[in-house]
Amino acid sequence: MTSSQPALRVCGLTKSFIVHAQGGLSLPVLRDVALSVSPGECLALVGPSGAGKSTLLRSLYGNYRADGGSIRVRQDEAWTELVGAEPRTVLDVRHRTMGFVSQFLRVIPRVSAVDVVAEPLLRRGTDADEAQRRAEFLLGMLGIPARLWSLPPATFSGGEQQRVNIARSLIVDYPILLLDEPTASLDAANRDGVVELIRQRRDAGAAVVGIFHDTDVRDAVATRVHEVLPPAQPAGVSP
Ligand SMILES: Nc1ncnc2c1ncn2[C@@H]1O[C@H](COP(=O)(O)OP(=O)(O)OP(=O)(O)O)[C@@H](O)[C@H]1O
């Protein structure tokens, strides 16, 4: 399902890092980035290592503050600008509209896997039984054995923790999904489960932006690619 009205629109996006360890050196990473993503599309960010793919994805989620340009998100039938927005605006967009799947689970001590996964739904006011049912469904679909559901994920393997993280991020039907290497530490069978979930979300109308280093995964989920180019070196600087 695609719609002509984009869900996410970026133009003129610019971002530099200030490296304090080098006397405040400014390291330009993103320069004049423009892209738009519509419901039902999955845009894969591609480009060489160090080009700025993660920086772009984190800037879209507001983890990094952009220096200039525009990141607009469709919410309540209107555009919400994120560059320069108040923190509460960014939090509201994260709460209702834009989900982020990172590579790593931030483990909360003593909280069971099923509760970790259900928490974003509970926070949105979903009934506790319904939230638990959906959490268990997702954990099952992602191949987490039922015997682990009531245990805290702190001692889970890297791949198990990553799948708990994916279940937690996908339990809410966000209209926009940002995915940072969602299959990085998974074996083939579990990777296929994650690919299937992403495709379902995309086909149900989510606008997806992701980094997928695995080309099979990228081919399976992406409808378009966006090339992130490394910023030009300043004159006189050799690589
Ligand atoms: N917090 C930071 N402070 C300073 N420099 C940073 C920071 N984060 C990233 N960089 C630099 O920004 C550039 C882009 O990094 P980024 O991680 O976005 O690249 P990438 O395209 O995602 O790379 P890869 O494919 O290897 O993951 C790199 O030169 C990196 O060293």
# chains A, B, ... in the order shown; residues from 1 in each chain; ligands from 1
>>> residues_around(residues="A:Leu56", least_positions_apart="3", cutoff="9 Å", atoms="only C-alpha atoms", output="list in words")
Leu13, Lys15, Val29, Leu30, Val33, Leu45, Gly52, Lys53, Ser59, Leu60, Tyr61, Tyr64 and Val228 of chain A
>>> residues_around(residues="stretch 210-220 of chain A", least_positions_apart="6", cutoff="9 Å", atoms="only C-alpha atoms", output="ChimeraX atom specification")
/A:42-46,53-54,57,177-184,191-192,195-196,199
>>> closest_residue(among="A:Pro175, A:Pro48, A:Gly68, A:Gly143", to="A:Arg163", atoms="only C-alpha atoms")
A:Gly143
>>> select_by_dssp(residues="stretch 17-176 of chain A", states="strand (DSSP E or B)", output="PyMOL selection string")
chain A and resi 17-19+25-37+42-46+68-75+78-81+98-101+176
>>> residues_around(residues="A:Met98", least_positions_apart="4", cutoff="12 Å", atoms="only C-alpha atoms", output="PDB file with N, CA and C atoms, in the first residue's frame")
ATOM      1  N   ALA A   7       5.113  10.245   4.608  1.00  0.00           N
ATOM      2  CA  ALA A   7       4.994  10.222   6.063  1.00  0.00           C
ATOM      3  C   ALA A   7       6.164  10.965   6.702  1.00  0.00           C
ATOM      4  N   LEU A   8       7.269  11.048   5.947  1.00  0.00           N
ATOM      5  CA  LEU A   8       8.503  11.644   6.462  1.00  0.00           C
ATOM      6  C   LEU A   8       9.166  12.410   5.326  1.00  0.00           C
ATOM      7  N   LEU A  57      20.175   8.256  10.514  1.00  0.00           N
ATOM      8  CA  LEU A  57      19.044   7.585  11.174  1.00  0.00           C
ATOM      9  C   LEU A  57      18.828   8.157  12.578  1.00  0.00           C
ATOM     10  N   ARG A  58      19.917   8.358  13.313  1.00  0.00           N
ATOM     11  CA  ARG A  58      19.793   8.893  14.690  1.00  0.00           C
ATOM     12  C   ARG A  58      19.344  10.345  14.683  1.00  0.00           C
ATOM     13  N   LEU A  60      17.244  11.522  12.485  1.00  0.00           N
ATOM     14  CA  LEU A  60      15.804  11.461  12.210  1.00  0.00           C
ATOM     15  C   LEU A  60      15.028  11.203  13.500  1.00  0.00           C
ATOM     16  N   TYR A  61      15.623  10.405  14.398  1.00  0.00           N
ATOM     17  CA  TYR A  61      14.928  10.064  15.647  1.00  0.00           C
ATOM     18  C   TYR A  61      15.152  11.134  16.724  1.00  0.00           C
ATOM     19  N   GLY A  62      16.020  12.088  16.424  1.00  0.00           N
ATOM     20  CA  GLY A  62      16.270  13.157  17.396  1.00  0.00           C
ATOM     21  C   GLY A  62      17.328  12.802  18.424  1.00  0.00           C
ATOM     22  N   ARG A  72      10.535  16.651   8.669  1.00  0.00           N
ATOM     23  CA  ARG A  72       9.108  16.808   8.973  1.00  0.00           C
ATOM     24  C   ARG A  72       8.421  15.455   8.974  1.00  0.00           C
ATOM     25  N   VAL A  73       7.562  15.279   9.972  1.00  0.00           N
ATOM     26  CA  VAL A  73       6.862  14.017  10.189  1.00  0.00           C
ATOM     27  C   VAL A  73       5.368  14.290  10.097  1.00  0.00           C
ATOM     28  N   ARG A  74       4.654  13.407   9.407  1.00  0.00           N
ATOM     29  CA  ARG A  74       3.200  13.568   9.268  1.00  0.00           C
ATOM     30  C   ARG A  74       2.532  13.044  10.535  1.00  0.00           C
ATOM     31  N   GLN A  75       1.832  13.899  11.227  1.00  0.00           N
ATOM     32  CA  GLN A  75       1.169  13.509  12.469  1.00  0.00           C
ATOM     33  C   GLN A  75      -0.119  14.315  12.598  1.00  0.00           C
ATOM     34  N   THR A  80       4.812  17.957  11.422  1.00  0.00           N
ATOM     35  CA  THR A  80       5.515  18.389  12.635  1.00  0.00           C
ATOM     36  C   THR A  80       7.000  18.480  12.311  1.00  0.00           C
ATOM     37  N   LEU A  82      10.852  18.577  13.257  1.00  0.00           N
ATOM     38  CA  LEU A  82      11.664  18.077  14.374  1.00  0.00           C
ATOM     39  C   LEU A  82      12.970  18.851  14.564  1.00  0.00           C
ATOM     40  N   THR A  89       8.048  17.895  21.985  1.00  0.00           N
ATOM     41  CA  THR A  89       7.513  17.599  20.642  1.00  0.00           C
ATOM     42  C   THR A  89       8.172  16.326  20.110  1.00  0.00           C
ATOM     43  N   VAL A  90       9.500  16.231  20.294  1.00  0.00           N
ATOM     44  CA  VAL A  90      10.218  15.039  19.833  1.00  0.00           C
ATOM     45  C   VAL A  90       9.684  13.800  20.570  1.00  0.00           C
ATOM     46  N   LEU A  91       9.482  13.929  21.882  1.00  0.00           N
ATOM     47  CA  LEU A  91       8.989  12.786  22.669  1.00  0.00           C
ATOM     48  C   LEU A  91       7.584  12.387  22.235  1.00  0.00           C
ATOM     49  N   ASP A  92       6.757  13.360  21.913  1.00  0.00           N
ATOM     50  CA  ASP A  92       5.400  13.069  21.467  1.00  0.00           C
ATOM     51  C   ASP A  92       5.422  12.318  20.126  1.00  0.00           C
ATOM     52  N   VAL A  93       6.303  12.741  19.216  1.00  0.00           N
ATOM     53  CA  VAL A  93       6.419  12.053  17.925  1.00  0.00           C
ATOM     54  C   VAL A  93       6.920  10.616  18.144  1.00  0.00           C
ATOM     55  N   ARG A  94       7.888  10.453  19.058  1.00  0.00           N
ATOM     56  CA  ARG A  94       8.384   9.098  19.355  1.00  0.00           C
ATOM     57  C   ARG A  94       7.291   8.233  19.983  1.00  0.00           C
ATOM     58  N   SER A 169      10.083  -2.993  20.059  1.00  0.00           N
ATOM     59  CA  SER A 169       9.964  -1.846  19.149  1.00  0.00           C
ATOM     60  C   SER A 169       8.801  -2.003  18.181  1.00  0.00           C
ATOM     61  N   LEU A 170       8.426  -3.251  17.882  1.00  0.00           N
ATOM     62  CA  LEU A 170       7.372  -3.465  16.878  1.00  0.00           C
ATOM     63  C   LEU A 170       6.009  -3.749  17.492  1.00  0.00           C
ATOM     64  N   VAL A 172       4.126  -1.735  19.019  1.00  0.00           N
ATOM     65  CA  VAL A 172       3.248  -0.608  18.678  1.00  0.00           C
ATOM     66  C   VAL A 172       3.268  -0.459  17.150  1.00  0.00           C
ATOM     67  N   ASP A 173       2.101  -0.224  16.559  1.00  0.00           N
ATOM     68  CA  ASP A 173       2.020  -0.050  15.096  1.00  0.00           C
ATOM     69  C   ASP A 173       2.398   1.382  14.716  1.00  0.00           C
ATOM     70  N   TYR A 174       3.686   1.698  14.815  1.00  0.00           N
ATOM     71  CA  TYR A 174       4.103   3.064  14.487  1.00  0.00           C
ATOM     72  C   TYR A 174       3.941   3.315  12.988  1.00  0.00           C
ATOM     73  N   PRO A 175       3.435   4.494  12.589  1.00  0.00           N
ATOM     74  CA  PRO A 175       3.350   4.825  11.166  1.00  0.00           C
ATOM     75  C   PRO A 175       4.719   4.969  10.499  1.00  0.00           C
ATOM     76  N   ILE A 176       5.750   5.324  11.309  1.00  0.00           N
ATOM     77  CA  ILE A 176       7.111   5.436  10.760  1.00  0.00           C
ATOM     78  C   ILE A 176       8.032   4.555  11.601  1.00  0.00           C
ATOM     79  N   LEU A 177       8.848   3.758  10.920  1.00  0.00           N
ATOM     80  CA  LEU A 177       9.766   2.861  11.627  1.00  0.00           C
ATOM     81  C   LEU A 177      11.194   3.099  11.143  1.00  0.00           C
ATOM     82  N   LEU A 178      12.103   3.306  12.087  1.00  0.00           N
ATOM     83  CA  LEU A 178      13.522   3.462  11.763  1.00  0.00           C
ATOM     84  C   LEU A 178      14.240   2.213  12.262  1.00  0.00           C
ATOM     85  N   LEU A 179      14.990   1.569  11.387  1.00  0.00           N
ATOM     86  CA  LEU A 179      15.614   0.287  11.735  1.00  0.00           C
ATOM     87  C   LEU A 179      17.129   0.371  11.551  1.00  0.00           C
ATOM     88  N   ALA A 206       3.240   1.056   7.001  1.00  0.00           N
ATOM     89  CA  ALA A 206       4.290   1.808   7.701  1.00  0.00           C
ATOM     90  C   ALA A 206       5.278   2.375   6.673  1.00  0.00           C
ATOM     91  N   ALA A 207       5.818   3.547   6.986  1.00  0.00           N
ATOM     92  CA  ALA A 207       6.917   4.110   6.193  1.00  0.00           C
ATOM     93  C   ALA A 207       8.198   3.730   6.928  1.00  0.00           C
ATOM     94  N   VAL A 208       9.067   2.959   6.262  1.00  0.00           N
ATOM     95  CA  VAL A 208      10.226   2.376   6.943  1.00  0.00           C
ATOM     96  C   VAL A 208      11.515   2.962   6.361  1.00  0.00           C
ATOM     97  N   VAL A 209      12.451   3.305   7.244  1.00  0.00           N
ATOM     98  CA  VAL A 209      13.801   3.705   6.817  1.00  0.00           C
ATOM     99  C   VAL A 209      14.765   2.823   7.579  1.00  0.00           C
TER     100      VAL A 209
END
>>> closest_residue(among="A:Leu35, A:Leu122, A:Val225, A:Ala51", to="ligand 1", atoms="only C-alpha atoms and all ligand atoms")
A:Ala51
>>> select_by_dssp(residues="stretch 28-236 of chain A", states="alpha helix (DSSP H)", output="ChimeraX atom specification")
/A:53-61,87-96,113-123,128-141,158-170,188-203,215-221
>>> closest_residue(among="A:Pro120, A:Pro145, A:Gly47, A:Pro39", to="ligand 1", atoms="only C-alpha atoms and all ligand atoms")
A:Gly47
>>> closest_residue(among="A:Leu197, A:Gln103, A:Ile71, A:Gln5", to="ligand 1", atoms="only C-alpha atoms and all ligand atoms")
A:Gln103
>>> closest_residue(among="A:Pro6, A:Gly50, A:Gly40, A:Pro152", to="ligand 1", atoms="only C-alpha atoms and all ligand atoms")
A:Gly50
>>> closest_residue(among="A:Asp32, A:Gln162, A:Glu41, A:Ala113", to="A:Val221", atoms="only C-alpha atoms")
A:Glu41
